[in-house]
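Shown next: coords_12.pdb, given as PDB, C-alpha atoms, pLDDT in the B column.
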```pdb
MODEL        1
ATOM      1  CA  MET A  17       1.597  11.198 -17.749  1.00 53.00           C
ATOM      2  CA  ASP A  18       2.470   7.988 -19.580  1.00 59.00           C
ATOM      3  CA  ASN A  19       2.410   7.702 -23.357  1.00 64.00           C
ATOM      4  CA  ARG A  20      -0.750   5.506 -23.513  1.00 64.00           C
ATOM      5  CA  ALA A  21      -2.779   8.006 -21.497  1.00 57.00           C
ATOM      6  CA  LEU A  22      -1.544  10.863 -23.665  1.00 54.00           C
ATOM      7  CA  LYS A  23      -2.431   8.944 -26.827  1.00 67.00           C
ATOM      8  CA  SER A  24      -5.936   8.223 -25.475  1.00 67.00           C
ATOM      9  CA  ILE A  25      -6.499  11.913 -24.689  1.00 71.00           C
ATOM     10  CA  ASP A  26      -5.086  12.811 -28.105  1.00 86.00           C
ATOM     11  CA  VAL A  27      -7.512  10.507 -29.946  1.00 88.00           C
ATOM     12  CA  THR A  28     -10.494  11.691 -27.901  1.00 91.00           C
ATOM     13  CA  ALA A  29      -9.627  15.354 -28.470  1.00 91.00           C
ATOM     14  CA  ARG A  30      -9.044  14.737 -32.174  1.00 93.00           C
ATOM     15  CA  ILE A  31     -12.443  13.040 -32.577  1.00 96.00           C
ATOM     16  CA  PHE A  32     -14.226  15.685 -30.495  1.00 96.00           C
ATOM     17  CA  LEU A  33     -12.698  18.656 -32.321  1.00 96.00           C
ATOM     18  CA  ALA A  34     -13.236  17.064 -35.737  1.00 97.00           C
ATOM     19  CA  GLY A  35     -16.879  16.356 -34.885  1.00 98.00           C
ATOM     20  CA  ILE A  36     -17.541  19.855 -33.550  1.00 98.00           C
ATOM     21  CA  PHE A  37     -15.844  21.479 -36.539  1.00 98.00           C
ATOM     22  CA  GLY A  38     -17.562  19.207 -39.069  1.00 98.00           C
ATOM     23  CA  GLY A  39     -20.900  19.709 -37.330  1.00 98.00           C
ATOM     24  CA  SER A  40     -20.505  23.478 -37.339  1.00 98.00           C
ATOM     25  CA  LEU A  41     -19.774  23.365 -41.061  1.00 98.00           C
ATOM     26  CA  LEU A  42     -22.788  21.088 -41.549  1.00 98.00           C
ATOM     27  CA  VAL A  43     -25.104  23.539 -39.770  1.00 98.00           C
ATOM     28  CA  PHE A  44     -23.630  26.481 -41.690  1.00 98.00           C
ATOM     29  CA  SER A  45     -24.037  24.732 -45.057  1.00 98.00           C
ATOM     30  CA  MET A  46     -27.583  23.621 -44.182  1.00 98.00           C
ATOM     31  CA  PHE A  47     -28.468  27.232 -43.365  1.00 97.00           C
ATOM     32  CA  TYR A  48     -27.316  28.413 -46.784  1.00 97.00           C
ATOM     33  CA  THR A  49     -28.790  25.575 -48.822  1.00 98.00           C
ATOM     34  CA  PHE A  50     -31.978  24.503 -47.064  1.00 97.00           C
ATOM     35  CA  TYR A  51     -32.949  27.687 -45.269  1.00 95.00           C
ATOM     36  CA  LEU A  52     -31.897  30.544 -47.537  1.00 95.00           C
ATOM     37  CA  ILE A  53     -32.457  28.829 -50.897  1.00 96.00           C
ATOM     38  CA  GLY A  54     -34.815  25.993 -50.007  1.00 96.00           C
ATOM     39  CA  LEU A  55     -37.277  27.522 -47.545  1.00 95.00           C
ATOM     40  CA  GLY A  56     -36.595  31.208 -48.068  1.00 93.00           C
ATOM     41  CA  PHE A  57     -36.975  33.956 -45.480  1.00 87.00           C
ATOM     42  CA  GLN A  58     -40.752  34.168 -45.886  1.00 90.00           C
ATOM     43  CA  ASN A  59     -41.422  30.521 -46.813  1.00 91.00           C
ATOM     44  CA  ASN A  60     -41.003  31.517 -50.456  1.00 94.00           C
ATOM     45  CA  GLY A  61     -38.039  29.288 -51.336  1.00 96.00           C
ATOM     46  CA  ILE A  62     -37.959  26.698 -54.087  1.00 96.00           C
ATOM     47  CA  LEU A  63     -38.675  23.785 -51.741  1.00 97.00           C
ATOM     48  CA  LEU A  64     -41.960  25.376 -50.670  1.00 97.00           C
ATOM     49  CA  ASN A  65     -43.162  26.368 -54.134  1.00 96.00           C
ATOM     50  CA  PRO A  66     -46.751  25.020 -54.310  1.00 96.00           C
ATOM     51  CA  THR A  67     -46.544  24.456 -58.067  1.00 97.00           C
ATOM     52  CA  LEU A  68     -43.552  22.141 -57.590  1.00 96.00           C
ATOM     53  CA  GLN A  69     -43.856  20.706 -54.078  1.00 97.00           C
ATOM     54  CA  SER A  70     -46.245  18.296 -52.384  1.00 96.00           C
ATOM     55  CA  GLU A  71     -49.013  20.088 -50.474  1.00 97.00           C
ATOM     56  CA  LYS A  72     -48.557  17.657 -47.590  1.00 96.00           C
ATOM     57  CA  LEU A  73     -44.865  18.553 -47.224  1.00 96.00           C
ATOM     58  CA  ILE A  74     -45.588  22.285 -47.361  1.00 96.00           C
ATOM     59  CA  ILE A  75     -48.197  21.930 -44.606  1.00 96.00           C
ATOM     60  CA  VAL A  76     -45.772  19.975 -42.394  1.00 96.00           C
ATOM     61  CA  TRP A  77     -43.031  22.619 -42.790  1.00 94.00           C
ATOM     62  CA  THR A  78     -45.224  25.706 -42.468  1.00 95.00           C
ATOM     63  CA  LYS A  79     -48.533  25.031 -40.681  1.00 96.00           C
ATOM     64  CA  MET A  80     -48.812  21.715 -38.855  1.00 96.00           C
ATOM     65  CA  GLU A  81     -48.008  22.077 -35.158  1.00 97.00           C
ATOM     66  CA  PRO A  82     -45.560  21.345 -33.771  1.00 96.00           C
ATOM     67  CA  LEU A  83     -43.406  22.744 -36.560  1.00 96.00           C
ATOM     68  CA  PRO A  84     -40.144  20.904 -37.311  1.00 96.00           C
ATOM     69  CA  LEU A  85     -37.330  21.698 -34.851  1.00 96.00           C
ATOM     70  CA  ALA A  86     -35.310  23.307 -37.634  1.00 95.00           C
ATOM     71  CA  ILE A  87     -38.007  26.017 -37.666  1.00 94.00           C
ATOM     72  CA  SER A  88     -39.336  26.069 -34.096  1.00 96.00           C
ATOM     73  CA  ASN A  89     -36.059  25.602 -32.215  1.00 97.00           C
ATOM     74  CA  PRO A  90     -33.063  26.074 -34.538  1.00 96.00           C
ATOM     75  CA  ILE A  91     -30.557  26.107 -31.641  1.00 98.00           C
ATOM     76  CA  LEU A  92     -31.658  22.676 -30.411  1.00 98.00           C
ATOM     77  CA  PHE A  93     -31.787  21.400 -33.999  1.00 98.00           C
ATOM     78  CA  SER A  94     -28.260  22.703 -34.684  1.00 98.00           C
ATOM     79  CA  GLY A  95     -27.001  21.017 -31.515  1.00 98.00           C
ATOM     80  CA  GLY A  96     -28.523  17.753 -32.700  1.00 98.00           C
ATOM     81  CA  MET A  97     -26.818  18.073 -36.072  1.00 98.00           C
ATOM     82  CA  ILE A  98     -23.482  18.714 -34.341  1.00 98.00           C
ATOM     83  CA  LEU A  99     -24.092  15.608 -32.221  1.00 98.00           C
ATOM     84  CA  PHE A 100     -24.649  13.582 -35.407  1.00 98.00           C
ATOM     85  CA  SER A 101     -21.410  14.988 -36.752  1.00 98.00           C
ATOM     86  CA  LEU A 102     -19.618  13.844 -33.589  1.00 98.00           C
ATOM     87  CA  ILE A 103     -20.963  10.356 -34.295  1.00 98.00           C
ATOM     88  CA  HIS A 104     -19.679  10.653 -37.870  1.00 98.00           C
ATOM     89  CA  ALA A 105     -16.246  11.622 -36.489  1.00 98.00           C
ATOM     90  CA  ILE A 106     -16.260   8.572 -34.190  1.00 98.00           C
ATOM     91  CA  ALA A 107     -17.201   6.352 -37.149  1.00 98.00           C
ATOM     92  CA  TYR A 108     -14.421   7.956 -39.188  1.00 98.00           C
ATOM     93  CA  HIS A 109     -11.884   7.152 -36.469  1.00 97.00           C
ATOM     94  CA  TYR A 110     -12.830   3.467 -36.528  1.00 97.00           C
ATOM     95  CA  VAL A 111     -13.301   2.843 -40.252  1.00 98.00           C
ATOM     96  CA  SER A 112     -10.594   5.050 -41.811  1.00 97.00           C
ATOM     97  CA  PRO A 113      -7.310   3.304 -40.838  1.00 96.00           C
ATOM     98  CA  PRO A 114      -7.146   1.084 -43.967  1.00 97.00           C
ATOM     99  CA  TRP A 115      -8.138   3.937 -46.310  1.00 97.00           C
ATOM    100  CA  PRO A 116      -5.580   5.698 -48.520  1.00 97.00           C
ATOM    101  CA  HIS A 117      -3.878   8.492 -46.594  1.00 94.00           C
ATOM    102  CA  SER A 118      -4.637  11.532 -48.737  1.00 96.00           C
ATOM    103  CA  ILE A 119      -7.172  13.989 -47.337  1.00 96.00           C
ATOM    104  CA  LYS A 120      -8.980  14.007 -50.679  1.00 97.00           C
ATOM    105  CA  SER A 121      -9.528  10.237 -50.814  1.00 98.00           C
ATOM    106  CA  ARG A 122     -10.448  10.034 -47.127  1.00 98.00           C
ATOM    107  CA  THR A 123     -12.924  12.898 -47.521  1.00 98.00           C
ATOM    108  CA  LEU A 124     -14.506  11.180 -50.516  1.00 98.00           C
ATOM    109  CA  ARG A 125     -14.951   7.918 -48.606  1.00 98.00           C
ATOM    110  CA  LEU A 126     -16.423   9.597 -45.520  1.00 98.00           C
ATOM    111  CA  PHE A 127     -18.667  11.711 -47.757  1.00 98.00           C
ATOM    112  CA  LEU A 128     -20.037   8.581 -49.466  1.00 98.00           C
ATOM    113  CA  LEU A 129     -20.783   6.974 -46.093  1.00 98.00           C
ATOM    114  CA  ILE A 130     -22.515  10.042 -44.675  1.00 98.00           C
ATOM    115  CA  TYR A 131     -24.378  10.932 -47.849  1.00 98.00           C
ATOM    116  CA  PHE A 132     -25.777   7.512 -48.668  1.00 97.00           C
ATOM    117  CA  LEU A 133     -26.248   6.065 -45.186  1.00 96.00           C
ATOM    118  CA  SER A 134     -27.736   9.211 -43.659  1.00 95.00           C
ATOM    119  CA  PHE A 135     -29.072  11.784 -46.048  1.00 97.00           C
ATOM    120  CA  VAL A 136     -30.237   9.722 -49.030  1.00 97.00           C
ATOM    121  CA  PHE A 137     -31.971   7.305 -46.651  1.00 96.00           C
ATOM    122  CA  VAL A 138     -33.728  10.116 -44.758  1.00 95.00           C
ATOM    123  CA  GLU A 139     -34.858  11.856 -47.955  1.00 96.00           C
ATOM    124  CA  PHE A 140     -36.240   8.643 -49.394  1.00 96.00           C
ATOM    125  CA  TYR A 141     -37.939   7.577 -46.175  1.00 95.00           C
ATOM    126  CA  THR A 142     -39.608  10.805 -45.082  1.00 94.00           C
ATOM    127  CA  PRO A 143     -40.160  13.478 -47.752  1.00 95.00           C
ATOM    128  CA  PHE A 144     -40.462  11.108 -50.713  1.00 95.00           C
ATOM    129  CA  SER A 145     -42.150   8.092 -49.139  1.00 95.00           C
ATOM    130  CA  MET A 146     -44.253   9.658 -46.373  1.00 95.00           C
ATOM    131  CA  LEU A 147     -44.946  13.180 -47.619  1.00 95.00           C
ATOM    132  CA  GLY A 148     -45.296  12.547 -51.354  1.00 96.00           C
ATOM    133  CA  GLU A 149     -42.477  14.795 -52.438  1.00 96.00           C
ATOM    134  CA  PRO A 150     -42.059  14.937 -56.245  1.00 97.00           C
ATOM    135  CA  VAL A 151     -38.865  13.495 -57.715  1.00 97.00           C
ATOM    136  CA  THR A 152     -37.720  16.935 -58.910  1.00 96.00           C
ATOM    137  CA  MET A 153     -37.844  18.345 -55.373  1.00 97.00           C
ATOM    138  CA  LEU A 154     -36.183  15.212 -54.040  1.00 97.00           C
ATOM    139  CA  GLY A 155     -33.366  15.794 -56.522  1.00 97.00           C
ATOM    140  CA  ILE A 156     -32.908  19.381 -55.346  1.00 98.00           C
ATOM    141  CA  GLU A 157     -32.796  18.288 -51.705  1.00 98.00           C
ATOM    142  CA  LEU A 158     -30.334  15.503 -52.474  1.00 98.00           C
ATOM    143  CA  PHE A 159     -28.153  18.082 -54.219  1.00 98.00           C
ATOM    144  CA  PHE A 160     -28.327  20.290 -51.107  1.00 98.00           C
ATOM    145  CA  TRP A 161     -27.404  17.283 -48.946  1.00 98.00           C
ATOM    146  CA  LEU A 162     -24.527  16.484 -51.306  1.00 98.00           C
ATOM    147  CA  ILE A 163     -23.086  19.946 -50.610  1.00 98.00           C
ATOM    148  CA  CYS A 164     -23.673  19.638 -46.862  1.00 98.00           C
ATOM    149  CA  ALA A 165     -22.227  16.122 -46.601  1.00 98.00           C
ATOM    150  CA  TRP A 166     -19.135  17.085 -48.606  1.00 98.00           C
ATOM    151  CA  ILE A 167     -18.456  20.143 -46.434  1.00 98.00           C
ATOM    152  CA  GLU A 168     -19.018  18.190 -43.201  1.00 98.00           C
ATOM    153  CA  SER A 169     -16.773  15.340 -44.391  1.00 98.00           C
ATOM    154  CA  LEU A 170     -14.014  17.710 -45.419  1.00 98.00           C
ATOM    155  CA  GLY A 171     -14.181  19.426 -42.018  1.00 98.00           C
ATOM    156  CA  ILE A 172     -13.999  16.155 -40.079  1.00 98.00           C
ATOM    157  CA  VAL A 173     -11.156  14.698 -42.146  1.00 98.00           C
ATOM    158  CA  PHE A 174      -9.155  17.924 -42.252  1.00 97.00           C
ATOM    159  CA  ILE A 175      -9.210  18.472 -38.481  1.00 96.00           C
ATOM    160  CA  TYR A 176      -8.726  14.791 -37.625  1.00 96.00           C
ATOM    161  CA  GLU A 177      -5.783  14.342 -39.984  1.00 94.00           C
ATOM    162  CA  THR A 178      -3.982  17.673 -39.631  1.00 91.00           C
ATOM    163  CA  LEU A 179      -4.320  18.431 -35.911  1.00 84.00           C
ATOM    164  CA  PRO A 180      -0.878  18.063 -34.337  1.00 75.00           C
ATOM    165  CA  ALA A 181      -0.517  15.205 -31.852  1.00 67.00           C
ATOM    166  CA  LEU A 182      -0.539  16.246 -28.199  1.00 59.00           C
ATOM    167  CA  ASP A 183       2.902  14.742 -27.598  1.00 55.00           C
ATOM    168  CA  GLU A 184       4.242  17.098 -30.298  1.00 62.00           C
ATOM    169  CA  LEU A 185       2.798  20.074 -28.412  1.00 55.00           C
ATOM    170  CA  VAL A 186       4.094  19.070 -24.954  1.00 53.00           C
TER     171      VAL A 186
ENDMDL
END
```

For the file at hand, write its structure as structure tokens.
Amino acid sequence: MDNRALKSIDVTARIFLAGIFGGSLLVFSMFYTFYLIGLGFQNNGILLNPTLQSEKLIIVWTKMEPLPLAISNPILFSGGMILFSLIHAIAYHYVSPPWPHSIKSRTLRLFLLIYFLSFVFVEFYTPFSMLGEPVTMLGIELFFWLICAWIESLGIVFIYETLPALDELV
């Protein structure tokens, strides 16, 4: 196999593995923040507290059919989140070459892209704008997303940057 073909396989594998790993970390961190703390096992989490949260949002998450995929089909939802993480890994591959080479600075830059272009936008557009979520609850969710985006970014950057090249393994 010539060197160009090996390099192409190497880049594809690096992106794929980074995306899968980052996506798995994203799903794991979402489970701990949004599900365990936010929604709670019996819909008794802080994000569903009727004294703090919009009634409209609570109805959407707990009563209105069809329920959100995160509740009704968590496997499909998790797969979708991993797919988004693969897209983040592809974006990282294309935008990161001019960035400083330390894992810390690359993670910070990817985190800022993911956090502001994905999660802050989604929180503003749907829960806040459409479902009347109070600013306090929005702040809690943005904090949860901050944790999730940081963990996903760290996973993508770590795998992408530290995985040995295929030609080193052959």

Evaluate the PyMOL selection byres ((chain A and resi 145-151) around 9) against this structure - the residues, as a PDB file with C-alpha atoms, in the coordinates of the input, please.
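Generated output (expr-v4.pdb):
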```pdb
ATOM      1  CA  LEU A  68     -43.552  22.141 -57.590  1.00 96.00           C
ATOM      2  CA  GLN A  69     -43.856  20.706 -54.078  1.00 97.00           C
ATOM      3  CA  SER A  70     -46.245  18.296 -52.384  1.00 96.00           C
ATOM      4  CA  GLU A  71     -49.013  20.088 -50.474  1.00 97.00           C
ATOM      5  CA  LYS A  72     -48.557  17.657 -47.590  1.00 96.00           C
ATOM      6  CA  LEU A  73     -44.865  18.553 -47.224  1.00 96.00           C
ATOM      7  CA  VAL A  76     -45.772  19.975 -42.394  1.00 96.00           C
ATOM      8  CA  GLU A 139     -34.858  11.856 -47.955  1.00 96.00           C
ATOM      9  CA  PHE A 140     -36.240   8.643 -49.394  1.00 96.00           C
ATOM     10  CA  TYR A 141     -37.939   7.577 -46.175  1.00 95.00           C
ATOM     11  CA  THR A 142     -39.608  10.805 -45.082  1.00 94.00           C
ATOM     12  CA  PRO A 143     -40.160  13.478 -47.752  1.00 95.00           C
ATOM     13  CA  PHE A 144     -40.462  11.108 -50.713  1.00 95.00           C
ATOM     14  CA  THR A 152     -37.720  16.935 -58.910  1.00 96.00           C
ATOM     15  CA  MET A 153     -37.844  18.345 -55.373  1.00 97.00           C
ATOM     16  CA  LEU A 154     -36.183  15.212 -54.040  1.00 97.00           C
ATOM     17  CA  GLY A 155     -33.366  15.794 -56.522  1.00 97.00           C
ATOM     18  CA  ILE A 156     -32.908  19.381 -55.346  1.00 98.00           C
TER      19      ILE A 156
END
```

*Skip A:Ile130 itself and residues of its chain fewer than 4 positions away, then list as number ranges by chain all residues within 8 Å of it, counting all atoms listed in the file.*
A: 104, 126, 134-135, 165, 169

*Would you list the contacts of A:Leu85 as number ranges by chain, taking every protein, DNA or RNA residue within 10 Å and counting all atoms listed in the file, but skipping same-chain residues closer than 6 positions in sequence?*
A: 77, 91-94, 96

Grab the residues selected above and save them as a compact mmCIF listing (two decimals), in the frame of the given file with C-alpha atoms.
```txt
# COMPACT_ATOMS: atom_id res chain seq x y z
CA TRP A 77 -43.03 22.62 -42.79
CA ILE A 91 -30.56 26.11 -31.64
CA LEU A 92 -31.66 22.68 -30.41
CA PHE A 93 -31.79 21.40 -34.00
CA SER A 94 -28.26 22.70 -34.68
CA GLY A 96 -28.52 17.75 -32.70
```

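Here atom CA of A:Ile31 is placed at a distance of 29.1 Å from atom CA of A:Ile87.
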
*Would you list the contacts of A:Tyr131 as number ranges by chain, taking every protein, DNA or RNA residue within 12 Å and counting all atoms listed in the file, but skipping same-chain residues closer than 2 positions in sequence?*
A: 104, 123-129, 133-139, 157-169

Restricting the output to C-alpha atoms, write the selected residues as a compact mmCIF listing (two decimals), keeping the file's coordinate frame.
```
# COMPACT_ATOMS: atom_id res chain seq x y z
CA HIS A 104 -19.68 10.65 -37.87
CA THR A 123 -12.92 12.90 -47.52
CA LEU A 124 -14.51 11.18 -50.52
CA ARG A 125 -14.95 7.92 -48.61
CA LEU A 126 -16.42 9.60 -45.52
CA PHE A 127 -18.67 11.71 -47.76
CA LEU A 128 -20.04 8.58 -49.47
CA LEU A 129 -20.78 6.97 -46.09
CA LEU A 133 -26.25 6.06 -45.19
CA SER A 134 -27.74 9.21 -43.66
CA PHE A 135 -29.07 11.78 -46.05
CA VAL A 136 -30.24 9.72 -49.03
CA PHE A 137 -31.97 7.30 -46.65
CA VAL A 138 -33.73 10.12 -44.76
CA GLU A 139 -34.86 11.86 -47.96
CA GLU A 157 -32.80 18.29 -51.70
CA LEU A 158 -30.33 15.50 -52.47
CA PHE A 159 -28.15 18.08 -54.22
CA PHE A 160 -28.33 20.29 -51.11
CA TRP A 161 -27.40 17.28 -48.95
CA LEU A 162 -24.53 16.48 -51.31
CA ILE A 163 -23.09 19.95 -50.61
CA CYS A 164 -23.67 19.64 -46.86
CA ALA A 165 -22.23 16.12 -46.60
CA TRP A 166 -19.14 17.08 -48.61
CA ILE A 167 -18.46 20.14 -46.43
CA GLU A 168 -19.02 18.19 -43.20
CA SER A 169 -16.77 15.34 -44.39
```

_Distance of atom CA of A:Phe50 from atom CA of A:Gly95, expressed in Å to one decimal place_ =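 The value is 16.7 Å.
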
*Which of these residues is nearest to A:Ile74, using only C-alpha atoms: A:Ala105, A:Leu33, A:Ile62, A:Leu179?*
A:Ile62

*Choose the residue, out of A:Val173, A:Ser45, A:Phe32, A:Leu52, that has the smallest atom-to-atom separation from A:Trp115; count all atoms listed in the file.*
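Looking only at the distances to A:Trp115, the closest residue turns out to be A:Val173.
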
*Grab the atom CA of A:Asn65 to atom CA of A:Met46 distance for me, in Å with one decimal place.*
18.7 Å

*Using all atoms listed in the file, pick whichever of A:Phe44, A:Phe57, A:Tyr176, A:Tyr51 has the shortest atom-to-atom distance to A:Ala107.*
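The answer is A:Tyr176, which sits nearest to A:Ala107.
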
*Distance criterion (all atoms listed in the file): nearest to A:Leu55 out of A:Ile103, A:Ile119, A:Ala86, A:Leu42*: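 For A:Leu55, the nearest of the candidates is A:Ala86.
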
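Using only C-alpha atoms, the shortest contact distance between A:Tyr108 and any of A:Gly171, A:Thr67, A:Ser88, A:Ile25 is found at A:Gly171.
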
Enclosing box along x, y and z for every listed atom of stretch 55-66 of chain A, padded 8 Å each side, centre and size in Å, one decimal, as lines of an AutoDock Vina configuration file:
```
center_x = -41.7
center_y = 29.0
center_z = -49.9
size_x = 26.2
size_y = 26.4
size_z = 24.8
```
